[in-house]
file model-v4.cif (mmCIF, C-alpha atoms)
data_work
loop_
_atom_site.label_atom_id
_atom_site.label_comp_id
_atom_site.auth_asym_id
_atom_site.auth_seq_id
_atom_site.Cartn_x
_atom_site.Cartn_y
_atom_site.Cartn_z
CA MET A 113 144.61 70.19 97.16
CA LEU A 114 140.85 70.69 97.45
CA LEU A 115 141.13 71.36 101.19
CA THR A 116 143.89 73.90 100.57
CA LEU A 117 141.85 75.75 97.96
CA GLY A 118 138.83 75.63 100.25
CA GLY A 119 140.86 77.08 103.12
CA VAL A 120 142.20 79.92 100.99
CA TYR A 121 138.74 80.63 99.60
CA ALA A 122 137.25 80.62 103.11
CA ALA A 123 139.87 83.10 104.29
CA VAL A 124 139.30 85.43 101.36
CA ASP A 125 135.51 85.34 101.66
CA ALA A 126 135.64 85.75 105.42
CA PHE A 127 137.70 88.91 104.86
CA ILE A 128 135.27 90.19 102.21
CA GLY A 129 132.22 89.31 104.32
CA VAL A 130 133.56 91.01 107.44
CA HIS A 131 134.06 94.24 105.50
CA SER A 132 130.69 93.96 103.75
CA GLY A 133 127.98 91.46 104.77
CA GLY A 134 125.13 93.95 104.79
CA ASP A 135 122.38 91.34 104.43
CA LEU A 136 123.51 89.41 107.50
CA ALA A 137 124.08 92.57 109.55
CA PHE A 138 120.57 93.84 108.80
CA HIS A 139 118.91 90.56 109.74
CA LEU A 140 121.00 90.26 112.88
CA ARG A 141 119.35 93.49 113.97
CA LEU A 142 115.95 91.90 113.37
CA SER A 143 117.06 88.89 115.40
CA GLU A 144 118.08 91.27 118.18
CA ARG A 145 114.55 92.68 118.08
CA LEU A 146 113.22 89.18 118.50
CA LEU A 147 115.43 88.62 121.54
CA HIS A 148 113.91 91.76 123.08
CA GLY A 149 110.33 90.74 122.21
CA GLN A 150 109.87 93.62 119.77
CA PRO A 151 107.90 93.50 116.48
CA LEU A 152 110.17 92.39 113.66
CA TYR A 153 108.73 94.03 110.56
CA ALA A 154 106.86 97.06 111.88
CA ASP A 155 108.87 99.77 110.11
CA PHE A 156 110.29 97.87 107.14
CA ASP A 157 110.29 99.67 103.77
CA GLY A 158 108.73 97.21 101.32
CA SER A 159 109.91 99.21 98.31
CA ILE A 160 113.45 97.86 98.70
CA GLY A 161 112.51 94.19 98.86
CA LEU A 162 111.50 91.75 101.56
CA PRO A 163 113.28 90.70 104.75
CA TRP A 164 113.86 87.06 105.60
CA PRO A 165 110.86 85.16 107.02
CA PRO A 166 110.36 84.69 110.79
CA PHE A 167 112.05 81.28 111.01
CA ALA A 168 115.23 82.64 109.44
CA ILE A 169 115.30 85.44 112.03
CA VAL A 170 114.94 82.89 114.83
CA ALA A 171 117.67 80.70 113.31
CA LEU A 172 120.02 83.69 113.43
CA THR A 173 119.71 84.19 117.20
CA PRO A 174 123.02 82.38 117.99
CA PHE A 175 124.76 84.72 115.55
CA ALA A 176 122.96 87.71 117.08
CA LEU A 177 124.25 86.71 120.50
CA LEU A 178 127.73 86.32 119.04
CA ALA A 179 127.41 89.74 117.40
CA ARG A 180 126.90 91.27 120.84
CA ILE A 181 130.49 90.29 121.50
CA SER A 182 131.79 91.12 118.02
CA LEU A 183 129.88 91.74 114.80
CA PRO A 184 132.97 91.02 112.64
CA LEU A 185 133.36 87.68 114.45
CA ALA A 186 129.72 86.76 113.75
CA LYS A 187 130.19 87.67 110.09
CA CYS A 188 133.40 85.64 109.91
CA VAL A 189 131.77 82.53 111.39
CA TRP A 190 128.82 82.86 108.98
CA ALA A 191 131.15 83.30 105.99
CA ILE A 192 133.30 80.29 106.88
CA GLY A 193 130.18 78.20 107.46
CA ASN A 194 128.87 79.17 104.04
CA VAL A 195 132.15 78.19 102.38
CA ALA A 196 132.01 74.83 104.18
CA LEU A 197 128.43 74.22 103.04
CA PHE A 198 129.26 75.11 99.47
CA GLY A 199 132.31 72.84 99.52
CA TRP A 200 130.13 70.00 100.79
CA CYS A 201 127.67 70.62 97.92
CA LEU A 202 130.54 70.36 95.43
CA VAL A 203 131.71 67.08 96.95
CA ARG A 204 128.15 65.72 96.74
CA GLY A 205 128.02 66.78 93.11
CA TYR A 206 131.34 65.06 92.39
CA ARG A 207 130.12 61.84 94.01
CA HIS A 208 127.06 62.01 91.79
CA VAL A 209 128.82 62.50 88.43
CA GLY A 210 132.27 61.06 89.22
CA ARG A 211 134.15 63.87 87.44
CA TRP A 212 135.35 67.32 88.43
CA THR A 213 134.96 68.97 85.02
CA PRO A 214 131.14 69.33 85.21
CA ILE A 215 131.49 70.64 88.77
CA VAL A 216 134.01 73.31 87.77
CA LEU A 217 131.89 74.37 84.79
CA ALA A 218 128.77 74.52 86.98
CA VAL A 219 130.54 76.74 89.51
CA ALA A 220 131.71 79.02 86.69
CA ALA A 221 128.09 79.24 85.47
CA ILE A 222 127.00 80.75 88.81
CA ALA A 223 130.19 82.71 89.50
CA GLN A 224 128.71 86.15 90.16
CA PRO A 225 125.66 84.93 92.14
CA LEU A 226 128.02 82.84 94.26
CA GLN A 227 130.32 85.76 94.92
CA SER A 228 127.32 87.94 95.75
CA ASN A 229 126.27 85.49 98.46
CA PHE A 230 129.71 85.58 100.02
CA GLN A 231 130.01 89.35 99.72
CA HIS A 232 126.63 90.20 101.21
CA LEU A 233 126.43 87.12 103.49
CA ASN A 234 122.99 86.05 102.35
CA ILE A 235 121.26 82.79 103.23
CA ASN A 236 120.99 81.17 99.81
CA LEU A 237 123.99 78.84 100.24
CA VAL A 238 122.20 77.36 103.25
CA LEU A 239 119.21 76.77 100.96
CA LEU A 240 121.48 75.16 98.37
CA ALA A 241 122.84 72.77 101.00
CA LEU A 242 119.30 71.84 102.05
CA VAL A 243 118.39 71.15 98.41
CA ALA A 244 121.54 68.99 98.09
CA LEU A 245 120.49 67.06 101.21
CA ALA A 246 117.04 66.53 99.68
CA ILE A 247 118.56 65.21 96.45
CA THR A 248 120.82 62.83 98.41
CA ASP A 249 117.87 61.49 100.40
CA LEU A 250 115.76 61.05 97.26
CA GLU A 251 118.58 59.02 95.71
CA GLN A 252 118.46 56.83 98.83
CA ARG A 253 114.64 56.60 98.62
CA GLN A 254 114.22 58.64 101.80
CA ASP A 255 111.42 60.74 100.34
CA THR A 256 109.93 61.99 103.60
CA ARG A 257 113.27 63.20 104.93
CA ALA A 258 113.95 64.87 101.57
CA ALA A 259 110.65 66.73 101.77
CA LEU A 260 111.47 67.84 105.31
CA TRP A 261 114.69 69.47 104.07
CA ILE A 262 112.67 71.37 101.46
CA GLY A 263 110.24 72.36 104.21
CA VAL A 264 113.09 73.84 106.23
CA ALA A 265 114.37 75.71 103.16
CA THR A 266 110.87 77.06 102.53
CA ALA A 267 110.55 78.28 106.11
CA LEU A 268 113.93 80.01 105.79
CA LYS A 269 113.31 81.88 102.56
CA GLY A 270 109.95 81.04 101.00
CA TYR A 271 110.73 80.60 97.33
CA PRO A 272 112.21 77.04 97.59
CA GLY A 273 108.61 75.97 98.29
CA ALA A 274 108.15 75.65 94.52
CA ILE A 275 110.28 72.49 94.75
CA PHE A 276 107.30 70.82 96.44
CA LEU A 277 105.95 70.58 92.88
CA TYR A 278 108.23 67.54 92.50
CA PHE A 279 106.44 65.69 95.31
CA LEU A 280 103.02 66.85 94.14
CA VAL A 281 103.39 65.71 90.54
CA ARG A 282 105.09 62.45 91.54
CA ALA A 283 102.17 61.75 93.90
CA ARG A 284 104.42 61.48 96.97
CA TRP A 285 101.58 62.51 99.25
CA ARG A 286 103.01 61.57 102.63
CA PRO A 287 106.37 63.29 102.05
CA LEU A 288 104.55 66.30 100.60
CA ALA A 289 102.35 66.59 103.69
CA ALA A 290 105.38 66.23 105.97
CA GLY A 291 107.34 68.90 104.11
CA VAL A 292 104.48 71.41 104.02
CA ALA A 293 103.77 70.77 107.71
CA ALA A 294 107.45 71.39 108.50
CA ALA A 295 107.44 74.68 106.59
CA VAL A 296 104.23 75.91 108.24
CA GLY A 297 105.17 74.60 111.68
CA LEU A 298 108.60 76.20 111.68
CA THR A 299 107.16 79.48 110.44
CA PHE A 300 104.62 79.70 113.26
CA LEU A 301 105.90 77.71 116.20
CA VAL A 302 109.45 78.98 116.53
CA VAL A 303 108.35 82.53 117.36
CA LEU A 304 105.70 81.52 119.90
CA PRO A 305 108.08 81.50 122.89
CA ALA A 306 108.70 85.20 122.28
CA GLY A 307 104.95 85.83 122.22
CA LEU A 308 105.14 87.10 118.64
CA GLY A 309 103.83 84.09 116.70
CA ALA A 310 100.61 85.07 114.94
CA THR A 311 101.45 88.79 114.88
CA THR A 312 104.86 88.28 113.31
CA VAL A 313 103.59 85.91 110.65
CA SER A 314 100.63 88.14 109.78
CA ASP A 315 102.91 91.19 109.58
CA TYR A 316 105.23 89.35 107.22
CA ALA A 317 102.34 88.11 105.07
CA ARG A 318 100.92 91.62 104.85
CA LEU A 319 104.32 93.01 103.92
CA ALA A 320 104.84 90.36 101.23
CA LEU A 321 101.43 91.04 99.69
CA THR A 322 101.53 94.85 99.81
CA ALA A 323 105.22 95.64 99.29
CA LYS A 324 105.85 97.81 96.24
CA SER A 325 108.67 95.49 95.18
CA THR A 326 106.29 92.56 94.70
CA GLN A 327 103.38 94.29 92.97
CA ALA A 328 102.23 93.19 89.49
CA LEU A 329 105.06 90.62 89.35
CA THR A 330 107.52 93.41 88.49
CA GLY A 331 109.98 92.16 91.11
CA GLN A 332 109.87 88.58 89.82
CA SER A 333 112.44 87.12 87.45
CA ILE A 334 110.04 86.37 84.59
CA GLY A 335 107.68 89.23 85.46
CA GLY A 336 110.51 91.75 85.71
CA LEU A 337 111.91 90.58 82.39
CA VAL A 338 108.52 91.01 80.73
CA THR A 339 108.07 94.46 82.28
CA ARG A 340 111.47 95.70 81.13
CA LEU A 341 110.71 94.44 77.62
CA GLY A 342 107.45 96.39 77.60
CA GLY A 343 105.09 93.47 78.20
CA SER A 344 101.97 93.35 80.35
CA LEU A 345 101.04 91.60 83.58
CA THR A 346 98.93 89.16 81.55
CA THR A 347 101.97 88.19 79.50
CA ALA A 348 103.98 87.59 82.67
CA VAL A 349 101.23 85.41 84.15
CA VAL A 350 100.96 83.38 80.95
CA LEU A 351 104.73 82.82 80.81
CA ASP A 352 104.77 81.81 84.49
CA ALA A 353 101.98 79.33 83.80
CA LEU A 354 103.77 77.93 80.74
CA ALA A 355 106.94 77.39 82.79
CA VAL A 356 104.98 75.55 85.47
CA VAL A 357 103.14 73.40 82.91
CA ALA A 358 106.37 72.54 81.09
CA VAL A 359 108.16 71.45 84.28
CA THR A 360 105.07 69.59 85.48
CA THR A 361 104.94 67.69 82.18
CA VAL A 362 108.59 66.66 82.55
CA LEU A 363 108.02 65.45 86.10
CA TRP A 364 104.78 63.67 85.15
CA ARG A 365 106.22 61.83 82.16
CA GLY A 366 109.49 60.90 83.83
CA PRO A 367 109.89 57.27 84.91
CA ALA A 368 109.74 56.34 88.58
CA SER A 369 113.51 55.83 88.53
CA ALA A 370 114.16 59.29 87.05
CA GLU A 371 117.30 61.04 88.25
CA PRO A 372 116.46 63.10 91.39
CA MET A 373 119.22 65.63 90.74
CA TYR A 374 117.73 66.43 87.35
CA GLN A 375 114.14 66.60 88.54
CA VAL A 376 114.83 68.56 91.71
CA GLY A 377 117.34 70.67 89.78
CA ILE A 378 114.76 71.74 87.20
CA THR A 379 112.21 72.57 89.91
CA ALA A 380 114.87 74.62 91.73
CA VAL A 381 115.41 76.66 88.55
CA LEU A 382 111.64 77.09 88.32
CA ALA A 383 111.60 78.23 91.97
CA VAL A 384 114.12 80.97 91.18
CA LEU A 385 112.13 82.11 88.14
CA LEU A 386 108.85 82.21 90.09
CA SER A 387 110.22 83.85 93.23
CA PRO A 388 108.34 87.09 94.03
CA LEU A 389 111.71 88.85 94.14
CA ASP A 390 114.47 88.54 91.57
CA ARG A 391 117.78 88.71 93.38
CA LEU A 392 121.21 87.96 91.98
CA HIS A 393 122.20 85.60 94.77
CA TYR A 394 119.10 83.39 94.30
CA TYR A 395 120.65 81.92 91.16
CA VAL A 396 123.07 79.72 93.15
CA LEU A 397 120.14 77.29 93.42
CA ALA A 398 120.74 76.52 89.74
CA LEU A 399 123.94 74.64 90.67
CA PRO A 400 122.37 71.11 90.65
CA ALA A 401 120.77 71.80 87.27
CA TRP A 402 124.08 73.00 85.86
CA ILE A 403 125.93 69.94 87.19
CA VAL A 404 123.41 67.63 85.55
CA THR A 405 123.51 69.60 82.30
CA PHE A 406 127.30 69.67 82.00
CA SER A 407 127.62 65.98 82.90
CA ALA A 408 124.98 64.80 80.42
CA PRO A 409 126.06 63.42 77.03
CA SER A 410 125.43 65.70 74.09
CA PRO A 411 122.57 64.73 71.78
CA ALA A 412 123.31 62.74 68.66
CA ARG A 413 121.76 65.43 66.49
CA GLY A 414 122.06 69.18 66.77
CA ARG A 415 125.23 69.17 68.86
CA GLY A 416 126.24 72.58 67.59
CA VAL A 417 122.96 74.12 68.74
CA TRP A 418 123.19 72.25 72.05
CA PHE A 419 126.68 73.50 72.88
CA ALA A 420 125.85 77.02 71.73
CA ALA A 421 122.78 77.12 74.00
CA LEU A 422 124.83 75.82 76.93
CA ALA A 423 127.57 78.36 76.35
CA VAL A 424 125.18 81.30 76.08
CA ALA A 425 123.11 80.25 79.10
CA ALA A 426 126.22 79.70 81.24
CA LEU A 427 127.68 83.04 80.16
CA LEU A 428 124.46 84.80 81.11
CA THR A 429 123.95 83.18 84.53
CA SER A 430 127.64 83.61 85.38
CA GLY A 431 127.14 87.37 85.37
CA MET A 432 130.25 88.07 83.33
CA LEU A 433 128.33 90.42 81.03
CA SER A 434 127.54 92.67 84.00
CA HIS A 435 131.25 93.59 84.15
CA ILE A 436 131.07 95.20 80.70
CA HIS A 437 130.39 98.87 81.37
CA SER A 438 131.10 100.30 77.95
CA PRO A 439 128.18 101.26 75.65
CA LEU A 440 126.66 98.33 73.74
CA PRO A 441 124.23 98.03 70.82
CA THR A 442 120.61 98.14 71.93
CA MET A 443 120.05 94.38 71.72
CA LEU A 444 123.18 93.54 73.71
CA ALA A 445 122.39 96.24 76.25
CA VAL A 446 118.99 94.62 76.84
CA VAL A 447 120.69 91.24 77.27
CA ARG A 448 123.17 92.72 79.74
CA GLN A 449 120.36 94.30 81.73
CA ASN A 450 118.51 90.96 81.95
CA THR A 451 121.49 88.61 81.95
CA TYR A 452 120.44 86.37 84.85
CA ASN A 453 116.77 86.22 83.85
CA LEU A 454 117.52 85.29 80.26
CA GLY A 455 120.20 82.81 81.34
CA ALA A 456 117.86 81.02 83.73
CA VAL A 457 115.09 80.87 81.13
CA LEU A 458 117.52 79.45 78.58
CA LEU A 459 118.79 76.93 81.14
CA LEU A 460 115.21 75.84 81.77
CA ILE A 461 114.70 75.38 78.02
CA VAL A 462 117.90 73.32 77.81
CA LEU A 463 116.73 71.11 80.68
CA LEU A 464 113.35 70.61 79.02
CA ALA A 465 115.05 69.80 75.70
CA ARG A 466 117.28 67.28 77.46
CA HIS A 467 114.20 65.45 78.72
CA THR A 468 112.69 65.41 75.24
CA THR A 469 115.92 64.11 73.71
CA LEU A 470 116.30 61.34 76.29
CA SER A 471 112.65 60.35 75.92
CA GLN A 472 113.07 59.99 72.17
CA SER A 473 116.32 58.03 72.55
CA HIS A 474 114.61 55.56 74.91
CA ASP A 475 111.55 55.05 72.78
CA PRO A 476 111.39 51.44 71.57
CA ALA A 477 111.96 50.89 67.90
CA PRO A 478 108.79 50.10 65.97
CA ALA A 479 108.18 46.40 65.37
CA PRO A 480 108.86 45.34 61.76
CA ARG A 481 105.76 44.67 59.71
CA PRO A 482 105.46 41.42 57.74
CA ILE A 483 105.75 41.87 54.02
#

call {"tool": "encode", "arguments": {"input": "model-v4.cif", "output": "structure tokens"}}
result
Amino acid sequence: MLLTLGGVYAAVDAFIGVHSGGDLAFHLRLSERLLHGQPLYADFDGSIGLPWPPFAIVALTPFALLARISLPLAKCVWAIGNVALFGWCLVRGYRHVGRWTPIVLAVAAIAQPLQSNFQHLNINLVLLALVALAITDLEQRQDTRAALWIGVATALKGYPGAIFLYFLVRARWRPLAAGVAAAVGLTFLVVLPAGLGATTVSDYARLALTAKSTQALTGQSIGGLVTRLGGSLTTAVVLDALAVVAVTTVLWRGPASAEPMYQVGITAVLAVLLSPLDRLHYYVLALPAWIVTFSAPSPARGRGVWFAALAVAALLTSGMLSHIHSPLPTMLAVVRQNTYNLGAVLLLIVLLARHTTLSQSHDPAPAPRPI
């Protein structure tokens, strides 16, 4: 049954991707530049966002060669590959929790970001698969290999690098060094054969630092939310710092045997919130966090608040509110405009509250005093 649904879904998304897939088509052109030894980012308009980093462009070269034969065929292969990767992530999630209900609910909670990835043929499902590989290796105590997967994800897109916070706070120095070295090495070394190594990387760094879309944190998830609500850059920086401190505290206080899916999941949500650009399709990286959240037992106290927070956060990150085009009251209109940002922030709060609840439930009872 699952294979049948996966096959149908792959066919539908391949059809959609072939007739859309603008993100992949654009970056295939950059990969074609690389094959001809031309500068990758020389004339890019930074006001519309940022292109993929150099390693991602190199990784696309097989698809660029395939696109020379047929661009629709290259799009189709990419789309089917993305469906296969996502299906594998769901199977890994099922093996972790042993039930399909949390998996289905987690997919529903990222419905619109997921569809956006398939429609535009972005790279975020590849990143999700790499994060899932890292979680699997951490569960098997293969910390160095897990960090290498995060290093590859960082070289592909940049923002998953925030997940290195897990290794930093947990004092996993050797895996951390290996992962950072992988990210840096892949970023620089893979473009050296084309003679574009240092120039390409410096061009990309300059673009990332000077692009209009990344200035004053206005393109960031938290920063953009603060800007749209009339806040200042200082407020955005403070909220970013508070999010980092809160997640760091959870990682620091967690036991050595803490659940990797929860800890990597919460850092993945943080990575999305701290990314210099806030893009709809980034929110698929919240899938592990949603799986953990939906599979966790509800707290003994405050269940009504707990379920209400989950429902609201899932509704917001699912993107369902974006399909309401009729006029709304001012407050609801603001929520609709910032649906993914607010949903991710609320999810982060729920994850932090879950840690607090579990910590209190595992605290030893005080020893009775003699009368």

call {"tool": "resolve_selection", "arguments": {"input": "model-v4.cif", "expression": "the PyMOL selection byres ((chain A and resi 386-389) around 6)", "output": "PyMOL selection string"}}
result
chain A and resi 271+326+331-332+383-385+390

call {"tool": "residues_around", "arguments": {"input": "model-v4.cif", "residues": "Trp261 (chain A)", "least_positions_apart": "5", "cutoff": "7 Å", "atoms": "all atoms listed in the file", "output": "CSV table (one decimal) with C-alpha atoms, keeping the file's coordinate frame"}}
result
chain,number,residue,atom,x,y,z
A,242,LEU,CA,119.3,71.8,102.0
A,243,VAL,CA,118.4,71.2,98.4
A,245,LEU,CA,120.5,67.1,101.2
A,246,ALA,CA,117.0,66.5,99.7

call {"tool": "resolve_selection", "arguments": {"input": "model-v4.cif", "expression": "the PyMOL selection byres ((chain A and resi 375) around 10)", "output": "PDB file with C-alpha atoms, in the frame of the given file"}}
result
ATOM      1  CA  ILE A 247     118.560  65.210  96.450  1.00  0.00           C
ATOM      2  CA  ILE A 275     110.280  72.490  94.750  1.00  0.00           C
ATOM      3  CA  TYR A 278     108.230  67.540  92.500  1.00  0.00           C
ATOM      4  CA  VAL A 359     108.160  71.450  84.280  1.00  0.00           C
ATOM      5  CA  VAL A 362     108.590  66.660  82.550  1.00  0.00           C
ATOM      6  CA  LEU A 363     108.020  65.450  86.100  1.00  0.00           C
ATOM      7  CA  GLY A 366     109.490  60.900  83.830  1.00  0.00           C
ATOM      8  CA  ALA A 370     114.160  59.290  87.050  1.00  0.00           C
ATOM      9  CA  GLU A 371     117.300  61.040  88.250  1.00  0.00           C
ATOM     10  CA  PRO A 372     116.460  63.100  91.390  1.00  0.00           C
ATOM     11  CA  MET A 373     119.220  65.630  90.740  1.00  0.00           C
ATOM     12  CA  TYR A 374     117.730  66.430  87.350  1.00  0.00           C
ATOM     13  CA  VAL A 376     114.830  68.560  91.710  1.00  0.00           C
ATOM     14  CA  GLY A 377     117.340  70.670  89.780  1.00  0.00           C
ATOM     15  CA  ILE A 378     114.760  71.740  87.200  1.00  0.00           C
ATOM     16  CA  THR A 379     112.210  72.570  89.910  1.00  0.00           C
ATOM     17  CA  ALA A 380     114.870  74.620  91.730  1.00  0.00           C
ATOM     18  CA  PRO A 400     122.370  71.110  90.650  1.00  0.00           C
ATOM     19  CA  ALA A 401     120.770  71.800  87.270  1.00  0.00           C
ATOM     20  CA  VAL A 404     123.410  67.630  85.550  1.00  0.00           C
ATOM     21  CA  LEU A 463     116.730  71.110  80.680  1.00  0.00           C
ATOM     22  CA  HIS A 467     114.200  65.450  78.720  1.00  0.00           C
TER      23      HIS A 467
END

call {"tool": "axis_aligned_box", "arguments": {"input": "model-v4.cif", "around": "region 171-188 of chain A", "padding_each_side": "8 Å", "output": "lines of an AutoDock Vina configuration file"}}
result
center_x = 125.5
center_y = 86.2
center_z = 115.7
size_x = 31.7
size_y = 27.0
size_z = 27.6

call {"tool": "closest_residue", "arguments": {"input": "model-v4.cif", "among": "A:Ala408, A:Ala426, A:Ile235, A:Ile215", "to": "Gly193 (chain A)", "atoms": "only C-alpha atoms"}}
result
A:Ile235

call {"tool": "resolve_selection", "arguments": {"input": "model-v4.cif", "expression": "the PyMOL selection byres ((chain A and resi 142) around 12)", "output": "ChimeraX atom specification"}}
result
/A:135-141,143-156,163-173,175-176,312

call {"tool": "atom_distance", "arguments": {"input": "model-v4.cif", "atom1": "CA of Asp249 (chain A)", "atom2": "CA of Tyr394 (chain A)"}}
result
22.8 Å

call {"tool": "closest_residue", "arguments": {"input": "model-v4.cif", "among": "A:Leu427, A:Ala218, A:Ile181, A:Ile160", "to": "Val396 (chain A)", "atoms": "all atoms listed in the file"}}
result
A:Ala218

call {"tool": "atom_distance", "arguments": {"input": "model-v4.cif", "atom1": "CA of Ile128 (chain A)", "atom2": "CA of Asn229 (chain A)"}}
result
10.8 Å

call {"tool": "closest_residue", "arguments": {"input": "model-v4.cif", "among": "A:Val296, A:Thr248, A:Ala425, A:Val446", "to": "Gly342 (chain A)", "atoms": "only C-alpha atoms"}}
result
A:Val446

call {"tool": "closest_residue", "arguments": {"input": "model-v4.cif", "among": "A:Trp200, A:Ala265, A:Phe127, A:Leu319", "to": "Leu185 (chain A)", "atoms": "all atoms listed in the file"}}
result
A:Phe127

call {"tool": "residues_around", "arguments": {"input": "model-v4.cif", "residues": "Ile461 (chain A)", "least_positions_apart": "2", "cutoff": "12 Å", "atoms": "only C-alpha atoms", "output": "MDAnalysis selection string"}}
result
chainID A and resid 354:355 358:359 362 378 381:382 401 405 418 421:422 425 454:459 463:468
